[in-house]
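Asks: Provided below: coords_17.cif, containing mmCIF, C-alpha atoms and all ligand atoms.
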data_target
loop_
_atom_site.label_atom_id
_atom_site.label_comp_id
_atom_site.auth_asym_id
_atom_site.auth_seq_id
_atom_site.Cartn_x
_atom_site.Cartn_y
_atom_site.Cartn_z
CA MET Y 21 5.72 9.46 -19.58
CA SER Y 22 3.73 12.51 -20.59
CA GLU Y 23 4.95 15.88 -19.32
CA THR Y 24 1.81 16.43 -17.31
CA ILE Y 25 1.56 13.95 -14.46
CA LYS Y 26 -1.82 12.22 -14.63
CA TYR Y 27 -3.09 11.30 -11.19
CA GLY Y 28 -5.60 8.67 -10.12
CA ILE Y 29 -7.04 9.32 -6.64
CA ILE Y 30 -8.21 6.31 -4.65
CA GLY Y 31 -10.43 7.45 -1.80
CA THR Y 32 -11.89 10.95 -2.03
CA GLY Y 33 -12.95 11.67 1.52
CA VAL Y 34 -11.33 14.48 3.50
CA MET Y 35 -7.74 13.75 2.50
CA GLY Y 36 -8.37 12.64 -1.09
CA GLN Y 37 -10.15 15.95 -1.69
CA GLU Y 38 -7.22 17.85 -0.16
CA HIS Y 39 -4.92 16.08 -2.62
CA ILE Y 40 -7.16 17.05 -5.54
CA GLN Y 41 -7.28 20.70 -4.44
CA ASN Y 42 -3.50 20.84 -4.25
CA ILE Y 43 -2.93 19.03 -7.56
CA ASN Y 44 -5.28 21.62 -9.09
CA LEU Y 45 -2.77 24.33 -8.10
CA ILE Y 46 0.11 22.62 -9.95
CA GLU Y 47 0.56 23.45 -13.60
CA ASN Y 48 1.95 20.16 -14.88
CA ALA Y 49 -0.42 17.88 -12.95
CA GLU Y 50 -3.96 16.74 -13.55
CA VAL Y 51 -6.46 14.40 -11.87
CA VAL Y 52 -7.67 12.04 -14.61
CA ALA Y 53 -9.35 9.36 -12.52
CA VAL Y 54 -11.10 9.00 -9.18
CA CYS Y 55 -12.13 5.82 -7.41
CA ASP Y 56 -14.29 5.73 -4.29
CA THR Y 57 -16.74 3.13 -3.04
CA ASN Y 58 -18.95 5.84 -1.49
CA GLU Y 59 -21.31 7.82 -3.71
CA SER Y 60 -21.27 10.95 -1.60
CA SER Y 61 -17.44 11.08 -1.63
CA ARG Y 62 -17.45 10.64 -5.43
CA ASN Y 63 -19.96 13.47 -5.79
CA GLN Y 64 -17.90 15.77 -3.57
CA ALA Y 65 -14.86 15.04 -5.74
CA LYS Y 66 -16.84 15.78 -8.93
CA SER Y 67 -17.11 19.42 -7.94
CA LEU Y 68 -13.29 19.65 -7.73
CA VAL Y 69 -12.20 18.08 -11.03
CA ARG Y 70 -12.66 18.61 -14.76
CA GLU Y 71 -15.59 17.11 -16.60
CA SER Y 72 -13.24 14.75 -18.43
CA THR Y 73 -12.13 13.05 -15.17
CA LYS Y 74 -13.27 9.42 -15.07
CA PHE Y 75 -15.04 8.06 -11.99
CA TYR Y 76 -15.02 4.49 -10.71
CA ASN Y 77 -16.47 2.74 -7.69
CA ASP Y 78 -14.33 -0.35 -8.07
CA LEU Y 79 -10.54 -0.40 -7.77
CA ASN Y 80 -10.07 -3.21 -10.29
CA GLU Y 81 -11.93 -1.23 -12.92
CA LEU Y 82 -9.74 1.82 -12.30
CA ILE Y 83 -6.63 -0.34 -12.56
CA SER Y 84 -7.78 -2.03 -15.78
CA LYS Y 85 -8.37 1.35 -17.51
CA ASN Y 86 -4.67 2.21 -17.09
CA ILE Y 87 -5.04 5.96 -17.61
CA ALA Y 88 -2.95 7.38 -14.74
CA ASP Y 89 0.81 7.81 -14.27
CA ALA Y 90 0.56 7.96 -10.47
CA TYR Y 91 -1.92 6.89 -7.81
CA ILE Y 92 -2.69 8.47 -4.46
CA ILE Y 93 -4.04 6.00 -1.90
CA ALA Y 94 -6.24 7.93 0.53
CA THR Y 95 -8.62 5.25 1.79
CA PRO Y 96 -9.07 4.41 5.52
CA ASN Y 97 -5.97 3.04 7.24
CA PHE Y 98 -7.32 -0.52 7.65
CA THR Y 99 -7.95 -0.78 3.89
CA HIS Y 100 -4.38 0.17 2.89
CA ILE Y 101 -2.90 -3.31 2.92
CA ASN Y 102 -5.57 -4.71 0.56
CA VAL Y 103 -5.54 -1.68 -1.73
CA LEU Y 104 -1.74 -1.82 -1.84
CA GLU Y 105 -1.70 -5.49 -2.75
CA GLN Y 106 -3.99 -4.70 -5.69
CA ILE Y 107 -2.30 -1.48 -6.79
CA LEU Y 108 1.09 -3.21 -7.12
CA LYS Y 109 -0.31 -4.74 -10.33
CA THR Y 110 -0.23 -1.31 -11.99
CA ASN Y 111 3.50 -0.64 -11.83
CA LYS Y 112 2.74 3.09 -11.57
CA HIS Y 113 4.11 5.66 -9.12
CA LEU Y 114 2.38 5.51 -5.73
CA LEU Y 115 1.88 8.02 -2.94
CA ILE Y 116 0.36 6.21 0.03
CA GLU Y 117 -1.28 8.19 2.78
CA LYS Y 118 0.00 7.63 6.27
CA PRO Y 119 -0.01 5.39 8.18
CA LEU Y 120 1.36 2.96 5.63
CA CYS Y 121 -0.65 0.21 7.35
CA THR Y 122 -2.23 -0.17 10.79
CA THR Y 123 0.42 -2.61 12.04
CA THR Y 124 4.16 -3.06 11.64
CA GLU Y 125 3.50 -6.64 10.51
CA ASP Y 126 1.38 -5.43 7.56
CA CYS Y 127 4.01 -2.80 6.67
CA LYS Y 128 6.65 -5.54 6.61
CA LYS Y 129 4.39 -7.71 4.45
CA PHE Y 130 3.92 -4.86 1.98
CA GLU Y 131 7.66 -4.08 1.98
CA LEU Y 132 8.34 -7.68 1.00
CA LEU Y 133 5.62 -7.75 -1.66
CA SER Y 134 6.94 -4.57 -3.28
CA LYS Y 135 10.65 -5.33 -3.16
CA ASP Y 136 10.96 -5.60 -6.95
CA TYR Y 137 8.62 -2.70 -7.73
CA SER Y 138 10.36 -0.43 -10.19
CA LYS Y 139 8.35 2.77 -9.73
CA ILE Y 140 8.27 5.25 -6.85
CA ILE Y 141 6.56 4.23 -3.62
CA TRP Y 142 6.26 7.30 -1.43
CA THR Y 143 4.71 7.41 2.06
CA GLY Y 144 2.63 10.50 2.73
CA MET Y 145 4.62 12.01 5.57
CA GLU Y 146 3.65 15.52 4.70
CA TYR Y 147 4.58 17.26 7.96
CA ARG Y 148 8.12 17.25 6.56
CA TYR Y 149 6.82 19.67 3.95
CA MET Y 150 5.21 22.28 6.22
CA PRO Y 151 7.34 25.33 5.36
CA PRO Y 152 8.35 26.21 8.97
CA VAL Y 153 9.12 22.54 9.71
CA THR Y 154 11.20 22.20 6.52
CA GLN Y 155 13.13 25.28 7.63
CA LEU Y 156 13.81 23.77 11.07
CA ILE Y 157 14.97 20.49 9.52
CA ASN Y 158 17.39 22.33 7.21
CA GLU Y 159 18.81 24.48 10.02
CA VAL Y 160 19.41 21.42 12.22
CA HIS Y 161 21.06 19.55 9.34
CA ASN Y 162 23.24 22.62 8.66
CA HIS Y 163 24.47 22.31 12.29
CA VAL Y 164 23.20 25.76 13.26
CA ILE Y 165 22.58 24.44 16.81
CA GLY Y 166 25.69 22.23 16.80
CA LYS Y 167 25.12 18.57 17.57
CA ILE Y 168 21.45 17.91 18.25
CA LYS Y 169 20.74 16.39 21.68
CA MET Y 170 17.00 16.81 22.26
CA LEU Y 171 13.91 17.17 20.08
CA SER Y 172 10.48 17.87 21.46
CA ILE Y 173 7.28 18.00 19.46
CA ARG Y 174 4.04 19.27 20.94
CA GLU Y 175 0.76 18.88 19.14
CA HIS Y 176 -2.25 20.41 20.86
CA ARG Y 177 -5.31 20.29 18.65
CA PHE Y 178 -8.97 19.49 18.17
CA PRO Y 179 -10.39 15.93 18.44
CA PHE Y 180 -10.47 13.55 15.47
CA LEU Y 181 -12.99 14.72 12.86
CA ASN Y 182 -15.90 12.58 11.69
CA LYS Y 183 -14.99 10.35 8.76
CA VAL Y 184 -17.01 8.27 6.31
CA ASP Y 185 -18.62 5.58 8.57
CA ASP Y 186 -16.51 6.97 11.44
CA TRP Y 187 -13.84 4.36 10.87
CA ASN Y 188 -11.35 6.48 12.81
CA ARG Y 189 -12.97 5.84 16.21
CA PHE Y 190 -11.41 2.39 16.84
CA ILE Y 191 -7.85 1.10 17.17
CA ILE Y 192 -8.60 -1.88 14.96
CA ASN Y 193 -9.28 0.48 12.03
CA THR Y 194 -6.57 3.07 12.64
CA GLY Y 195 -3.71 1.33 14.45
CA GLY Y 196 -4.40 3.61 17.46
CA THR Y 197 -3.84 7.34 17.83
CA LEU Y 198 -0.06 7.06 18.20
CA VAL Y 199 0.10 5.17 14.88
CA GLU Y 200 -2.67 6.97 12.99
CA LYS Y 201 -1.82 10.55 13.91
CA CYS Y 202 1.56 10.51 15.51
CA CYS Y 203 3.42 8.51 12.85
CA HIS Y 204 3.99 12.02 11.39
CA PHE Y 205 5.92 13.06 14.49
CA PHE Y 206 7.93 9.85 14.79
CA ASP Y 207 8.89 10.29 11.14
CA LEU Y 208 10.02 13.84 11.90
CA MET Y 209 12.06 12.60 14.86
CA ARG Y 210 13.97 10.10 12.66
CA LEU Y 211 14.45 12.68 9.95
CA VAL Y 212 15.66 15.51 12.18
CA ILE Y 213 17.76 13.30 14.47
CA GLN Y 214 19.16 11.14 11.61
CA SER Y 215 19.26 7.99 13.70
CA GLU Y 216 17.13 4.95 14.45
CA PRO Y 217 15.04 4.49 17.61
CA ILE Y 218 16.12 2.00 20.28
CA LYS Y 219 13.40 2.21 22.89
CA VAL Y 220 10.06 3.87 23.54
CA TYR Y 221 8.22 4.71 26.75
CA ALA Y 222 4.75 6.24 26.73
CA SER Y 223 2.02 7.30 29.09
CA GLY Y 224 -1.41 8.14 27.72
CA SER Y 225 -5.14 7.52 27.85
CA GLN Y 226 -8.58 8.40 26.55
CA ASP Y 227 -9.77 10.97 29.07
CA VAL Y 228 -12.12 13.38 27.30
CA ASN Y 229 -12.98 12.66 23.66
CA HIS Y 230 -15.64 10.39 22.12
CA LEU Y 231 -16.59 8.90 25.50
CA GLU Y 232 -20.29 9.58 24.93
CA GLU Y 233 -20.30 8.18 21.38
CA LYS Y 234 -21.57 4.69 20.50
CA TYR Y 235 -21.09 2.71 17.27
CA ASP Y 236 -23.01 -0.58 17.17
CA GLY Y 237 -23.14 -0.33 20.94
CA LYS Y 238 -19.37 0.16 21.30
CA THR Y 239 -17.59 3.21 22.72
CA PRO Y 240 -14.51 4.43 20.81
CA ASP Y 241 -11.20 3.19 22.25
CA ILE Y 242 -8.66 5.72 20.90
CA ILE Y 243 -6.47 7.71 23.29
CA ASP Y 244 -6.66 11.49 23.25
CA ASN Y 245 -3.54 12.51 25.16
CA ALA Y 246 -0.05 11.12 25.69
CA TYR Y 247 3.58 11.79 26.41
CA VAL Y 248 5.97 9.59 24.44
CA ILE Y 249 9.73 9.41 24.91
CA VAL Y 250 11.92 7.87 22.21
CA ASP Y 251 15.63 7.13 22.70
CA PHE Y 252 17.76 7.02 19.54
CA GLU Y 253 20.93 5.08 18.72
CA ASN Y 254 23.03 8.25 18.53
CA GLY Y 255 22.06 9.22 22.10
CA VAL Y 256 19.53 11.88 21.11
CA ARG Y 257 16.16 11.79 22.84
CA GLY Y 258 12.84 12.76 21.34
CA MET Y 259 9.62 13.59 23.13
CA LEU Y 260 6.05 13.92 21.90
CA ASP Y 261 3.40 15.82 23.87
CA LEU Y 262 -0.01 15.14 22.34
CA CYS Y 263 -3.32 16.59 23.44
CA MET Y 264 -6.44 16.26 21.29
CA PHE Y 265 -8.81 18.31 23.43
CA ALA Y 266 -7.05 21.61 22.96
CA GLU Y 267 -9.11 23.48 20.35
CA ASN Y 268 -8.21 27.12 19.96
CA SER Y 269 -4.56 26.71 20.81
CA GLU Y 270 -2.64 29.49 19.11
CA TYR Y 271 -0.17 26.98 17.71
CA GLN Y 272 -1.10 23.46 16.67
CA GLU Y 273 2.47 22.20 16.59
CA GLU Y 274 5.49 23.52 18.49
CA ILE Y 275 8.79 21.89 17.66
CA VAL Y 276 12.00 22.52 19.60
CA ALA Y 277 15.43 21.09 18.76
CA ILE Y 278 18.31 21.70 21.13
CA GLY Y 279 21.97 21.15 20.30
CA ASP Y 280 25.18 21.67 22.22
CA ILE Y 281 25.52 25.27 21.00
CA GLY Y 282 21.94 26.44 20.68
CA LYS Y 283 18.26 25.92 20.28
CA ILE Y 284 15.85 26.25 17.38
CA GLU Y 285 12.11 26.36 17.67
CA THR Y 286 9.15 26.74 15.37
CA PHE Y 287 5.46 27.22 15.85
CA VAL Y 288 2.87 26.08 13.33
CA PRO Y 289 -0.28 28.19 13.70
CA SER Y 290 -3.58 26.42 14.27
CA ASN Y 291 -6.41 27.10 11.82
CA ALA Y 292 -8.21 28.77 14.75
CA SER Y 293 -5.45 31.38 15.02
CA GLY Y 294 -6.12 32.55 11.43
CA LYS Y 295 -2.39 33.23 10.89
CA ASP Y 296 -0.77 32.67 7.48
CA SER Y 297 2.79 32.82 8.73
CA SER Y 298 4.91 31.19 11.35
CA GLU Y 299 8.17 31.89 13.05
CA VAL Y 300 11.45 30.01 13.26
CA ARG Y 301 13.62 31.19 16.14
CA ILE Y 302 17.24 30.41 16.81
CA GLY Y 303 18.96 31.19 20.09
CA LEU Y 304 22.66 30.47 20.54
CA ARG Y 305 24.20 29.96 23.98
CA LYS Y 306 27.13 32.28 23.35
CA ASP Y 307 27.07 36.05 22.85
CA ASN Y 308 23.30 36.39 23.31
CA VAL Y 309 22.59 35.56 19.66
CA ASN Y 310 18.85 35.52 18.91
CA LYS Y 311 17.51 35.32 15.37
CA SER Y 312 13.94 35.08 14.23
CA LYS Y 313 12.62 34.42 10.74
CA GLU Y 314 9.05 34.71 9.55
CA VAL Y 315 7.91 31.89 7.21
CA LYS Y 316 4.91 32.84 5.11
CA VAL Y 317 2.69 30.51 3.08
CA ASP Y 318 0.72 31.68 0.05
CA LYS Y 319 -2.97 32.04 0.90
CA ASP Y 320 -4.18 29.87 -2.02
CA ILE Y 321 -1.89 27.07 -0.88
CA LEU Y 322 -3.07 27.42 2.73
CA ALA Y 323 -6.69 27.36 1.57
CA ALA Y 324 -6.19 24.09 -0.36
CA GLY Y 325 -5.97 21.97 2.78
CA HIS Y 326 -5.73 21.61 6.52
CA HIS Y 327 -2.00 21.04 6.81
CA HIS Y 328 -0.37 24.46 6.58
CA GLY Y 329 0.54 24.11 2.91
CA SER Y 330 2.36 20.81 3.27
CA THR Y 331 0.24 18.80 0.80
CA TYR Y 332 1.16 21.23 -1.99
CA PHE Y 333 4.91 21.04 -1.30
CA GLU Y 334 4.71 17.26 -0.91
CA HIS Y 335 3.25 17.03 -4.44
CA LEU Y 336 5.95 19.29 -5.87
CA ALA Y 337 8.58 16.95 -4.40
CA PHE Y 338 6.72 13.83 -5.59
CA ILE Y 339 6.41 15.18 -9.14
CA ASN Y 340 10.03 16.25 -9.15
CA ALA Y 341 11.10 12.72 -8.17
CA ILE Y 342 8.94 11.23 -10.96
CA GLN Y 343 10.21 13.61 -13.63
CA LYS Y 344 13.86 13.40 -12.63
CA ASN Y 345 13.76 9.67 -12.03
CA LYS Y 346 14.84 10.12 -8.41
CA LYS Y 347 14.36 7.96 -5.33
CA PRO Y 348 11.37 8.85 -3.12
CA GLU Y 349 12.22 11.40 -0.43
CA VAL Y 350 9.92 9.49 1.94
CA SER Y 351 10.52 5.81 1.47
CA LEU Y 352 8.51 2.75 2.33
CA ARG Y 353 11.01 2.10 5.15
CA ASP Y 354 10.32 5.59 6.52
CA GLY Y 355 6.61 4.77 6.50
CA LEU Y 356 7.22 1.41 8.17
CA MET Y 357 9.47 2.87 10.89
CA SER Y 358 6.97 5.60 11.75
CA VAL Y 359 4.28 2.95 12.25
CA ALA Y 360 6.63 0.77 14.32
CA ILE Y 361 7.46 3.62 16.75
CA GLY Y 362 3.74 4.42 17.04
CA GLU Y 363 2.94 0.78 17.72
CA ALA Y 364 5.73 0.60 20.30
CA ALA Y 365 4.23 3.64 22.05
CA GLU Y 366 0.72 2.13 22.00
CA ASN Y 367 2.12 -1.13 23.41
CA SER Y 368 4.08 0.76 26.05
CA ILE Y 369 0.86 2.34 27.36
CA VAL Y 370 -1.13 -0.90 27.38
CA GLU Y 371 1.66 -3.01 28.86
CA ASN Y 372 3.03 -0.28 31.17
CA ARG Y 373 6.64 -0.88 30.19
CA VAL Y 374 9.54 0.27 28.05
CA VAL Y 375 9.26 -1.24 24.55
CA PHE Y 376 12.48 -2.03 22.71
CA MET Y 377 12.42 -1.59 18.93
CA LYS Y 378 14.33 -4.85 18.48
CA GLU Y 379 11.10 -6.61 19.51
CA PHE Y 380 9.76 -5.78 16.03
CA ASN Y 381 12.56 -7.58 14.14
CA LEU Y 382 13.01 -4.67 11.79
N1 LIG Z 1 -1.47 13.34 5.76
C1 LIG Z 1 -2.33 13.70 6.68
O1 LIG Z 1 -2.05 14.53 7.51
C2 LIG Z 1 -3.67 13.03 6.70
C3 LIG Z 1 -4.79 13.72 7.17
C4 LIG Z 1 -6.02 13.06 7.15
C5 LIG Z 1 -6.12 11.75 6.71
N2 LIG Z 1 -4.99 11.11 6.28
C6 LIG Z 1 -5.06 9.71 5.84
O2 LIG Z 1 -5.78 9.65 4.61
C7 LIG Z 1 -6.52 8.44 4.55
C8 LIG Z 1 -7.98 8.77 4.32
O3 LIG Z 1 -8.47 9.51 5.41
P1 LIG Z 1 -9.71 10.51 5.27
O4 LIG Z 1 -9.59 11.44 6.40
O5 LIG Z 1 -9.77 11.09 3.92
O6 LIG Z 1 -10.93 9.50 5.50
P2 LIG Z 1 -12.40 9.61 4.89
O7 LIG Z 1 -13.24 8.63 5.61
O8 LIG Z 1 -12.82 11.03 4.88
O9 LIG Z 1 -12.22 9.15 3.36
C9 LIG Z 1 -11.86 7.85 2.99
C10 LIG Z 1 -12.55 7.54 1.67
O10 LIG Z 1 -12.06 6.28 1.17
C11 LIG Z 1 -13.19 5.59 0.58
N3 LIG Z 1 -12.90 4.16 0.50
C12 LIG Z 1 -12.92 3.23 1.47
N4 LIG Z 1 -12.52 2.03 0.99
C13 LIG Z 1 -12.26 2.21 -0.32
C14 LIG Z 1 -11.78 1.36 -1.36
N5 LIG Z 1 -11.51 0.07 -1.12
N6 LIG Z 1 -11.61 1.87 -2.60
C15 LIG Z 1 -11.89 3.18 -2.85
N7 LIG Z 1 -12.32 4.04 -1.89
C16 LIG Z 1 -12.50 3.57 -0.65
C17 LIG Z 1 -14.34 5.94 1.51
O11 LIG Z 1 -15.58 5.74 0.88
C18 LIG Z 1 -14.06 7.42 1.80
O12 LIG Z 1 -14.67 8.27 0.86
C19 LIG Z 1 -6.26 7.71 5.87
O13 LIG Z 1 -5.23 6.77 5.70
C20 LIG Z 1 -5.83 8.81 6.80
O14 LIG Z 1 -5.01 8.37 7.86
C21 LIG Z 1 -3.79 11.73 6.25
#
Turn the structure described in the file into structure tokens.

Replies:
Amino acid sequence: MSETIKYGIIGTGVMGQEHIQNINLIENAEVVAVCDTNESSRNQAKSLVRESTKFYNDLNELISKNIADAYIIATPNFTHINVLEQILKTNKHLLIEKPLCTTTEDCKKFELLSKDYSKIIWTGMEYRYMPPVTQLINEVHNHVIGKIKMLSIREHRFPFLNKVDDWNRFIINTGGTLVEKCCHFFDLMRLVIQSEPIKVYASGSQDVNHLEEKYDGKTPDIIDNAYVIVDFENGVRGMLDLCMFAENSEYQEEIVAIGDIGKIETFVPSNASGKDSSEVRIGLRKDNVNKSKEVKVDKDILAAGHHHGSTYFEHLAFINAIQKNKKPEVSLRDGLMSVAIGEAAENSIVENRVVFMKEFNL
């Protein structure tokens, strides 16, 4: 392996370009190849990479050239399973954008197919790497609030953006909002709580967004708001509060963990707020202890994406794992579980019932 990690980017729409911009900030990393089936996406990527970067419109051609050490898969969710089946031929390190696949069944299929894969397979759960969120995770794991009992995650944001061919408007392409978007939050719940989910209850619907849009005569079917409750094996409960018609919220994510001796909370600023720093606050029940820490993110890192610096820190961790021959910090199982909780929540809404995780035979 060369010292500089040579990346191949598969899919250079919104997220593929964010990966390129962040890789460009890392000294020992370089994008050597790009593959996208869409000419406009390839052209947008051309303005972000060196002249020597090779461009392909066919995945098999990219694979046959064998010039990268690691591949990023950033194609639409419904394409992941096919791209993954093909990319396993490379035996190179893989970072797969979330959600791993649109269904738990496909995630299980991929897990089985890749069981003997010897290189890193990393699911892109980058919210773990947002600096204020990382800080909260560390404080909880250091028992600053005692034994965690409750975790609530609120995301209030803008509607889904337009994507190439607007694939993200239908459940069949995305897995549904609670898979597509909220797998991040279910991953955070498992990570912070350090336990597996038992049951999921959700209430949600499509009340405001995309109702006037038509694609081949069909109206989008993705929900835009929900409450989801997840019960974990260790007795901790998690709650997600999602609203996707809340542009101009001061904070896009607000995360609160409460333990038997105290509470920790963090607030991730929305892009609309223009803030480059966030706050992590700890309040202990005894002796009126209140601490607050400001978490700042470098402006170049913030400017390289839409995820409060997390893509940059995710790449540092990915590269570190490659160079030090370590296990992925975000495993295939983590990716699979985050999809399964999202699917359970989607099912809970449609079927109006509690969904038990054992139904997925995980
Ligand atoms: N981590 C995050 O927070 C985050 C944020 C946004 C998107 N994503 C994920 O990234 C992935 C891409 O989303 P996006 O927003 O960039 O979508 P997008 O539509 O902007 O880009 C997808 C690109 O993939 C290309 N493509 C489609 N099929 C292909 C194939 N077989 N081979 C090569 N290229 C192909 C399309 O032409 C397009 O350019 C999705 O899985 C999405 O869920 C993750």

Asks: Would you place a box with edges along x, y and z of the file around all atoms of ligand LIG 1 (chain Z) listed there, add 3 Å to each of its six sides, and report the centre and edge lengths in Å to one decimal, as AutoDock Vina command-line options?

Replies:
--center_x -8.5 --center_y 7.3 --center_z 2.5 --size_x 20.1 --size_y 20.5 --size_z 16.7

Asks: From the options Y:Gly33, Y:Gly325, Y:Pro289, Y:Gly362, which residue's atoms come nearest to ligand LIG 1 (chain Z), counting only C-alpha atoms and all ligand atoms?

Replies: Y:Gly33

Asks: Which residues form the shell of 9 Å around ligand LIG 1 (chain Z) when you count all atoms listed in the file, given as a PyMOL selection string?

Replies: chain Y and resi 29-38+54-62+76-79+93-100+102-103+116-121+144-147+181-188+194+200-201+204+326-327+330-331

Asks: Can those selected residues be exported to a file as an mmCIF file, in the coordinates of the input so that it contains C-alpha atoms?

Replies:
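Final output, again.cif:
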data_model
loop_
_atom_site.group_PDB
_atom_site.id
_atom_site.type_symbol
_atom_site.label_atom_id
_atom_site.label_comp_id
_atom_site.auth_asym_id
_atom_site.auth_seq_id
_atom_site.Cartn_x
_atom_site.Cartn_y
_atom_site.Cartn_z
ATOM 1 C CA ILE Y 29 -7.040 9.320 -6.640
ATOM 2 C CA ILE Y 30 -8.210 6.310 -4.650
ATOM 3 C CA GLY Y 31 -10.430 7.450 -1.800
ATOM 4 C CA THR Y 32 -11.890 10.950 -2.030
ATOM 5 C CA GLY Y 33 -12.950 11.670 1.520
ATOM 6 C CA VAL Y 34 -11.330 14.480 3.500
ATOM 7 C CA MET Y 35 -7.740 13.750 2.500
ATOM 8 C CA GLY Y 36 -8.370 12.640 -1.090
ATOM 9 C CA GLN Y 37 -10.150 15.950 -1.690
ATOM 10 C CA GLU Y 38 -7.220 17.850 -0.160
ATOM 11 C CA VAL Y 54 -11.100 9.000 -9.180
ATOM 12 C CA CYS Y 55 -12.130 5.820 -7.410
ATOM 13 C CA ASP Y 56 -14.290 5.730 -4.290
ATOM 14 C CA THR Y 57 -16.740 3.130 -3.040
ATOM 15 C CA ASN Y 58 -18.950 5.840 -1.490
ATOM 16 C CA GLU Y 59 -21.310 7.820 -3.710
ATOM 17 C CA SER Y 60 -21.270 10.950 -1.600
ATOM 18 C CA SER Y 61 -17.440 11.080 -1.630
ATOM 19 C CA ARG Y 62 -17.450 10.640 -5.430
ATOM 20 C CA TYR Y 76 -15.020 4.490 -10.710
ATOM 21 C CA ASN Y 77 -16.470 2.740 -7.690
ATOM 22 C CA ASP Y 78 -14.330 -0.350 -8.070
ATOM 23 C CA LEU Y 79 -10.540 -0.400 -7.770
ATOM 24 C CA ILE Y 93 -4.040 6.000 -1.900
ATOM 25 C CA ALA Y 94 -6.240 7.930 0.530
ATOM 26 C CA THR Y 95 -8.620 5.250 1.790
ATOM 27 C CA PRO Y 96 -9.070 4.410 5.520
ATOM 28 C CA ASN Y 97 -5.970 3.040 7.240
ATOM 29 C CA PHE Y 98 -7.320 -0.520 7.650
ATOM 30 C CA THR Y 99 -7.950 -0.780 3.890
ATOM 31 C CA HIS Y 100 -4.380 0.170 2.890
ATOM 32 C CA ASN Y 102 -5.570 -4.710 0.560
ATOM 33 C CA VAL Y 103 -5.540 -1.680 -1.730
ATOM 34 C CA ILE Y 116 0.360 6.210 0.030
ATOM 35 C CA GLU Y 117 -1.280 8.190 2.780
ATOM 36 C CA LYS Y 118 0.000 7.630 6.270
ATOM 37 C CA PRO Y 119 -0.010 5.390 8.180
ATOM 38 C CA LEU Y 120 1.360 2.960 5.630
ATOM 39 C CA CYS Y 121 -0.650 0.210 7.350
ATOM 40 C CA GLY Y 144 2.630 10.500 2.730
ATOM 41 C CA MET Y 145 4.620 12.010 5.570
ATOM 42 C CA GLU Y 146 3.650 15.520 4.700
ATOM 43 C CA TYR Y 147 4.580 17.260 7.960
ATOM 44 C CA LEU Y 181 -12.990 14.720 12.860
ATOM 45 C CA ASN Y 182 -15.900 12.580 11.690
ATOM 46 C CA LYS Y 183 -14.990 10.350 8.760
ATOM 47 C CA VAL Y 184 -17.010 8.270 6.310
ATOM 48 C CA ASP Y 185 -18.620 5.580 8.570
ATOM 49 C CA ASP Y 186 -16.510 6.970 11.440
ATOM 50 C CA TRP Y 187 -13.840 4.360 10.870
ATOM 51 C CA ASN Y 188 -11.350 6.480 12.810
ATOM 52 C CA THR Y 194 -6.570 3.070 12.640
ATOM 53 C CA GLU Y 200 -2.670 6.970 12.990
ATOM 54 C CA LYS Y 201 -1.820 10.550 13.910
ATOM 55 C CA HIS Y 204 3.990 12.020 11.390
ATOM 56 C CA HIS Y 326 -5.730 21.610 6.520
ATOM 57 C CA HIS Y 327 -2.000 21.040 6.810
ATOM 58 C CA SER Y 330 2.360 20.810 3.270
ATOM 59 C CA THR Y 331 0.240 18.800 0.800
#

Asks: Could you tell me how far CA of Asp307 in chain Y lies from CA of His161 in chain Y, in Å and to one decimal?

Replies: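 Straight-line distance from CA of Asp307 in chain Y to CA of His161 in chain Y works out to 22.2 Å.
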
Asks: By how many Å are CA of Asp280 in chain Y and CA of Ile302 in chain Y apart?

Replies: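 These two atoms are separated by 13.0 Å.
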
Asks: Of the candidates Y:Asn245, Y:Asn44, Y:Asn254, Y:Ser134, which shows the shortest atom-to-atom distance to Ile369 in chain Y, using only C-alpha atoms?

Replies: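 Of the candidates, the smallest distance to Ile369 in chain Y is held by Y:Asn245.
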
Asks: Expressed in Å to a single decimal, how great is the separation between CA of Lys344 in chain Y and CA of Asp136 in chain Y?

Replies: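 That distance, rounded to one decimal, is 20.0 Å.
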
Asks: Using all atoms listed in the file, which of Y:Lys167, Y:Lys283, Y:Arg305, Y:Lys219 sits nearest Glu379 in chain Y?

Replies: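 Between Y:Lys167, Y:Lys283, Y:Arg305, Y:Lys219, the residue approaching Glu379 in chain Y most closely is Y:Lys219.
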
Asks: My list of candidates is Y:Ile25, Y:Val359, Y:Ile192, Y:Leu45. Which is closest to Asp207 in chain Y when distances are computed with all atoms listed in the file?

Replies: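 Using all atoms listed in the file, Asp207 in chain Y sits closest to Y:Val359.
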
Asks: Tell me which of Y:His176, Y:His335, Y:Gln106, Y:Tyr221 sits closest to Tyr27 in chain Y, counting all atoms listed in the file.

Replies: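 Closest to Tyr27 in chain Y, using all atoms listed in the file: Y:His335.
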
Asks: For Ala65 in chain Y, which of Y:Leu171, Y:Val288, Y:Ile40, Y:Ile46 is the closest residue, counting all atoms listed in the file?

Replies: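 The shortest atom-to-atom distance to Ala65 in chain Y comes from Y:Ile40.
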
Asks: Tell me, as number ranges by chain, which residues lie within 12 Å of Gln343 in chain Y, counting all atoms listed in the file; anything in the same chain fewer than 4 positions away does not count.

Replies: Y: 21-25, 48-49, 89-90, 113, 139-140, 336-339, 347-348

Asks: Write out as a list in words which residues come within 9 Å of Ala365 in chain Y when counting all atoms listed in the file, dropping same-chain ones fewer than 4 positions away.

Replies: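 Residues near the query, excluding close chain neighbours: Leu198, Val199, Val220, Tyr221, Ala222, Ser223, Val248, Ile249, Val250, Ala360, Ile361, Ile369, Val370, Val374 and Val375 of chain Y.
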